[in-house]
file model-v9.txt (compact mmCIF, C-alpha atoms)
# COMPACT_ATOMS: atom_id res chain seq x y z
CA ALA A 16 82.76 69.00 83.30
CA GLN A 17 83.82 72.13 85.05
CA ARG A 18 84.97 71.93 88.63
CA VAL A 19 86.34 74.30 91.26
CA THR A 20 88.44 72.94 94.07
CA GLN A 21 89.31 74.68 97.29
CA PRO A 22 91.43 72.18 99.20
CA GLU A 23 91.34 73.90 102.57
CA LYS A 24 88.14 73.99 104.57
CA LEU A 25 89.71 76.09 107.27
CA LEU A 26 92.74 78.35 107.23
CA SER A 27 93.89 79.95 110.43
CA VAL A 28 96.53 82.69 110.45
CA PHE A 29 97.75 85.33 112.84
CA LYS A 30 97.05 88.99 112.31
CA GLY A 31 99.72 90.52 110.11
CA ALA A 32 100.71 87.20 108.54
CA PRO A 33 100.39 86.57 104.80
CA VAL A 34 97.32 84.77 103.55
CA GLU A 35 96.87 82.49 100.57
CA LEU A 36 93.56 80.81 99.88
CA LYS A 37 93.96 78.17 97.23
CA CYS A 38 91.65 77.62 94.29
CA ASN A 39 92.11 75.27 91.36
CA TYR A 40 89.74 74.76 88.51
CA SER A 41 89.16 72.36 85.67
CA TYR A 42 87.55 73.64 82.53
CA SER A 43 88.36 73.04 78.91
CA GLY A 44 87.24 76.47 77.73
CA SER A 45 88.37 79.97 78.54
CA PRO A 46 87.53 80.54 82.19
CA GLU A 47 86.46 83.58 84.12
CA LEU A 48 87.26 83.29 87.80
CA PHE A 49 85.86 85.14 90.78
CA TRP A 50 86.23 85.27 94.52
CA TYR A 51 83.14 85.77 96.63
CA VAL A 52 83.20 86.43 100.37
CA GLN A 53 80.67 85.90 103.12
CA TYR A 54 81.25 87.69 106.39
CA SER A 55 79.56 86.45 109.54
CA ARG A 56 75.77 86.84 109.38
CA GLN A 57 75.98 88.57 106.02
CA ARG A 58 75.19 87.52 102.49
CA LEU A 59 77.62 86.48 99.82
CA GLN A 60 79.22 89.34 97.94
CA LEU A 61 81.71 89.69 95.14
CA LEU A 62 85.27 90.30 96.29
CA LEU A 63 87.12 90.37 93.00
CA ARG A 64 87.21 89.01 89.49
CA HIS A 65 90.27 88.08 87.48
CA ILE A 66 89.42 90.11 84.39
CA SER A 67 89.52 93.32 86.40
CA ARG A 68 92.97 92.64 87.80
CA GLU A 69 91.94 94.71 90.78
CA SER A 70 92.92 94.69 94.41
CA ILE A 71 90.08 94.81 96.87
CA LYS A 72 90.66 95.20 100.60
CA GLY A 73 94.28 94.34 99.96
CA PHE A 74 93.43 91.02 98.30
CA THR A 75 94.73 90.04 94.88
CA ALA A 76 94.34 86.94 92.75
CA ASP A 77 96.16 86.02 89.58
CA LEU A 78 94.81 83.56 87.08
CA ASN A 79 97.46 80.99 86.23
CA LYS A 80 96.22 79.03 83.26
CA GLY A 81 99.23 76.74 83.28
CA GLU A 82 98.52 75.61 86.80
CA THR A 83 94.75 76.16 86.46
CA SER A 84 94.80 78.13 89.66
CA PHE A 85 93.35 81.36 90.98
CA HIS A 86 94.74 81.67 94.47
CA LEU A 87 93.65 84.58 96.65
CA LYS A 88 96.43 86.41 98.44
CA LYS A 89 96.90 89.17 100.95
CA PRO A 90 100.28 90.17 102.37
CA PHE A 91 99.07 91.10 105.85
CA ALA A 92 95.92 89.58 107.28
CA GLN A 93 93.55 91.72 109.32
CA GLU A 94 91.04 90.56 111.89
CA GLU A 95 88.18 91.80 109.74
CA ASP A 96 89.26 89.45 106.96
CA SER A 97 87.85 86.53 108.91
CA ALA A 98 85.10 85.16 106.69
CA MET A 99 84.11 82.38 104.33
CA TYR A 100 85.68 82.67 100.90
CA TYR A 101 84.34 81.00 97.77
CA CYS A 102 86.11 80.67 94.47
CA ALA A 103 83.78 80.59 91.47
CA LEU A 104 84.06 79.80 87.79
CA LYS A 105 81.95 81.27 85.02
CA LEU A 106 81.66 79.29 81.83
CA THR A 107 82.08 80.88 78.44
CA GLY A 108 78.66 81.48 77.00
CA GLY A 109 76.99 80.32 80.18
CA GLY A 110 75.34 83.60 80.99
CA ASN A 111 76.14 84.44 84.58
CA LYS A 112 75.89 80.88 85.80
CA LEU A 113 78.68 80.22 88.29
CA THR A 114 80.19 77.02 89.63
CA PHE A 115 81.35 77.48 93.21
CA GLY A 116 84.06 75.75 95.18
CA THR A 117 83.34 74.35 98.61
CA GLY A 118 84.70 77.41 100.33
CA THR A 119 87.49 78.13 102.79
CA GLN A 120 86.85 79.55 106.22
CA LEU A 121 89.56 82.09 107.01
CA LYS A 122 90.16 82.79 110.65
CA VAL A 123 92.52 85.59 111.57
CA GLU A 124 93.72 85.36 115.11
CA LEU A 125 95.19 88.13 117.22
CA GLY B 200 72.05 99.68 95.04
CA ALA B 201 71.61 96.11 93.83
CA VAL B 202 69.85 94.62 96.83
CA VAL B 203 68.26 91.21 96.69
CA SER B 204 65.85 90.23 99.42
CA GLN B 205 64.48 86.81 100.30
CA HIS B 206 61.40 85.99 102.32
CA PRO B 207 60.96 84.23 104.60
CA SER B 208 64.41 83.98 106.14
CA ARG B 209 63.34 80.96 108.17
CA VAL B 210 60.45 78.59 107.73
CA ILE B 211 59.45 75.42 109.51
CA CYS B 212 56.82 73.21 107.99
CA LYS B 213 55.32 69.78 108.35
CA SER B 214 56.19 66.97 106.01
CA GLY B 215 53.87 66.90 103.01
CA THR B 216 53.15 70.59 102.89
CA SER B 217 54.39 73.09 100.31
CA VAL B 218 56.52 76.10 101.03
CA LYS B 219 57.05 79.18 98.91
CA ILE B 220 60.18 81.30 99.08
CA GLU B 221 60.30 84.71 97.44
CA CYS B 222 63.31 86.43 95.94
CA ARG B 223 63.03 90.10 95.07
CA SER B 224 65.43 92.54 93.49
CA LEU B 225 64.62 95.72 95.37
CA ASP B 226 66.25 98.42 93.32
CA PHE B 227 66.98 96.91 89.95
CA GLN B 228 65.44 94.71 87.32
CA ALA B 229 66.66 91.17 87.16
CA THR B 230 65.97 89.32 83.96
CA THR B 231 67.79 86.31 85.35
CA MET B 232 67.78 84.92 88.85
CA PHE B 233 69.51 81.83 90.16
CA TRP B 234 68.43 79.49 92.92
CA TYR B 235 71.04 77.67 94.99
CA ARG B 236 70.89 75.13 97.72
CA GLN B 237 73.53 74.94 100.40
CA PHE B 238 74.08 72.05 102.76
CA PRO B 239 75.96 72.58 106.02
CA LYS B 240 79.64 73.22 105.45
CA GLN B 241 79.25 72.55 101.74
CA SER B 242 79.26 74.63 98.62
CA LEU B 243 76.38 76.30 96.89
CA MET B 244 74.71 73.94 94.48
CA LEU B 245 72.97 75.60 91.58
CA MET B 246 69.44 74.29 91.29
CA ALA B 247 68.00 76.32 88.45
CA THR B 248 68.19 79.44 86.38
CA SER B 249 65.05 81.52 86.41
CA ASN B 250 64.30 83.73 83.44
CA GLU B 251 61.57 86.34 83.50
CA GLY B 252 58.60 85.30 81.44
CA SER B 253 59.86 81.85 80.54
CA LYS B 254 60.32 78.45 82.08
CA ALA B 255 63.17 77.90 84.45
CA THR B 256 66.17 75.86 83.40
CA TYR B 257 66.94 73.17 85.93
CA GLU B 258 70.32 71.63 86.62
CA GLN B 259 70.78 67.91 86.20
CA GLY B 260 69.36 65.96 89.10
CA VAL B 261 67.01 68.69 90.29
CA GLU B 262 63.35 67.68 90.14
CA LYS B 263 61.41 70.44 88.44
CA ASP B 264 58.09 69.13 89.75
CA LYS B 265 59.49 69.19 93.25
CA PHE B 266 61.01 72.63 93.09
CA LEU B 267 58.67 74.90 91.19
CA ILE B 268 60.17 78.16 90.04
CA ASN B 269 58.20 81.11 88.77
CA HIS B 270 59.67 84.36 87.53
CA ALA B 271 56.58 86.42 86.90
CA SER B 272 58.16 89.85 86.87
CA LEU B 273 61.52 91.53 86.49
CA THR B 274 61.83 91.88 90.25
CA LEU B 275 60.38 88.68 91.64
CA SER B 276 61.16 84.99 91.42
CA THR B 277 59.60 82.36 93.64
CA LEU B 278 60.70 78.87 94.60
CA THR B 279 58.02 76.50 95.82
CA VAL B 280 59.09 73.30 97.49
CA THR B 281 56.17 70.98 96.95
CA SER B 282 55.25 68.13 99.26
CA ALA B 283 58.26 68.87 101.38
CA HIS B 284 60.10 66.09 103.17
CA PRO B 285 62.80 66.24 105.85
CA GLU B 286 65.50 65.71 103.24
CA ASP B 287 64.45 69.00 101.64
CA SER B 288 65.60 70.80 104.76
CA SER B 289 68.34 73.11 103.64
CA PHE B 290 69.47 76.67 103.11
CA TYR B 291 68.11 78.11 99.88
CA ILE B 292 69.77 81.14 98.37
CA CYS B 293 68.79 83.21 95.37
CA SER B 294 70.92 85.57 93.35
CA ALA B 295 70.34 87.95 90.51
CA THR B 296 72.28 89.73 87.86
CA ARG B 297 71.81 93.40 87.21
CA GLN B 298 71.78 94.73 83.70
CA GLY B 299 74.95 96.69 83.17
CA ALA B 300 76.79 95.07 86.05
CA GLY B 301 80.11 93.45 85.41
CA THR B 302 80.01 90.01 83.95
CA GLY B 303 79.78 87.34 86.57
CA GLU B 304 78.72 89.66 89.34
CA LEU B 305 75.82 88.14 91.19
CA PHE B 306 73.89 89.87 93.95
CA PHE B 307 72.78 87.44 96.61
CA GLY B 308 69.81 87.29 98.89
CA GLU B 309 70.28 86.60 102.57
CA GLY B 310 69.05 83.04 102.18
CA SER B 311 66.07 81.11 103.50
CA ARG B 312 66.45 78.26 105.92
CA LEU B 313 63.85 75.57 105.46
CA THR B 314 63.25 72.96 108.14
CA VAL B 315 60.82 70.18 107.36
CA LEU B 316 59.59 68.23 110.36
call {"tool": "encode", "arguments": {"input": "model-v9.txt", "output": "structure tokens"}}
result
Amino acid sequence: AQRVTQPEKLLSVFKGAPVELKCNYSYSGSPELFWYVQYSRQRLQLLLRHISRESIKGFTADLNKGETSFHLKKPFAQEEDSAMYYCALKLTGGGNKLTFGTGTQLKVEL
Amino acid sequence: GAVVSQHPSRVICKSGTSVKIECRSLDFQATTMFWYRQFPKQSLMLMATSNEGSKATYEQGVEKDKFLINHASLTLSTLTVTSAHPEDSSFYICSATRQGAGTGELFFGEGSRLTVL
């Protein structure tokens, strides 16, 4: 069965420090991975998806099939990055059904 | 564009009563909507996939007679928690896909917090 693991419930960094939010997945098929973000008092929204290979708000994530990882990175954290981050996995042929990780709360301190 | 709205945002009910939560796509048509349940400090658990004009597909372990889902139009899906009990208290979130949107992109409602006394 598919699974998404985010080992850190809380990650606290100082402003300007690099950020890495970890995400590992288990899935026997060809995965599509996403990062969703939820800012305080706001709804979940898509941050980025691996197939686009895009950088959003300075964040990037590379799919590493060998390590089954899709870590989210940003070289210099900003205060406005403080939020809840969810890694999600879409199954091949599963429509748009996503399996979410448990989420990591990122706190950027001044 | 691509706004999903849920109503009510908060509801408190007595044990044994039924509660209906609405999920609307305001500016697009959503052939598929998803209902999630989120416990405090835990992940979103997919409950069911709601398809317009057909029966919902429930995830394993989700009681379909307990959580009734209706997707009567391309812009509205409803979740009815029947004979609610305190253990049904939770945060319920819906999401929808927009035709033409990138694969995997879901648009989420703001969530509905249900408290059963």
call {"tool": "atom_distance", "arguments": {"input": "model-v9.txt", "atom1": "atom CA of A:Tyr42", "atom2": "atom CA of A:Lys105"}}
result
9.8 Å
call {"tool": "atom_distance", "arguments": {"input": "model-v9.txt", "atom1": "atom CA of B:Glu221", "atom2": "atom CA of B:Val203"}}
result
10.3 Å
call {"tool": "interface_residues", "arguments": {"input": "model-v9.txt", "of": "chain A", "to": "chain B", "cutoff": "8 Å", "atoms": "all atoms listed in the file", "output": "list in words"}}
result
Phe49, Gln57, Arg58, Leu59, Gln60, Leu61, Lys105, Asn111, Lys112, Leu113, Thr114, Phe115, Gly116, Thr117 and Gly118 of chain A
call {"tool": "closest_residue", "arguments": {"input": "model-v9.txt", "among": "A:Ser55, A:Asn39, A:Gln17, A:Thr75", "to": "A:Cys102", "atoms": "all atoms listed in the file"}}
result
A:Asn39
call {"tool": "atom_distance", "arguments": {"input": "model-v9.txt", "atom1": "atom CA of B:Asn250", "atom2": "atom CA of A:Thr107"}}
result
18.7 Å
call {"tool": "closest_residue", "arguments": {"input": "model-v9.txt", "among": "A:Leu48, A:Ile71, A:Leu25, A:Leu78", "to": "A:Tyr100", "atoms": "all atoms listed in the file"}}
result
A:Leu25
call {"tool": "closest_residue", "arguments": {"input": "model-v9.txt", "among": "A:His86, A:Lys122, A:Lys24, A:Ala103", "to": "A:Leu36", "atoms": "all atoms listed in the file"}}
result
A:His86
call {"tool": "residues_around", "arguments": {"input": "model-v9.txt", "residues": "A:Trp50", "least_positions_apart": "3", "cutoff": "6 Å", "atoms": "all atoms listed in the file", "output": "PDB file with C-alpha atoms, keeping the file's coordinate frame"}}
result
ATOM      1  CA  LEU A  62      85.270  90.300  96.290  1.00  0.00           C
ATOM      2  CA  LEU A  63      87.120  90.370  93.000  1.00  0.00           C
ATOM      3  CA  TYR A 101      84.340  81.000  97.770  1.00  0.00           C
ATOM      4  CA  CYS A 102      86.110  80.670  94.470  1.00  0.00           C
TER       5      CYS A 102
END
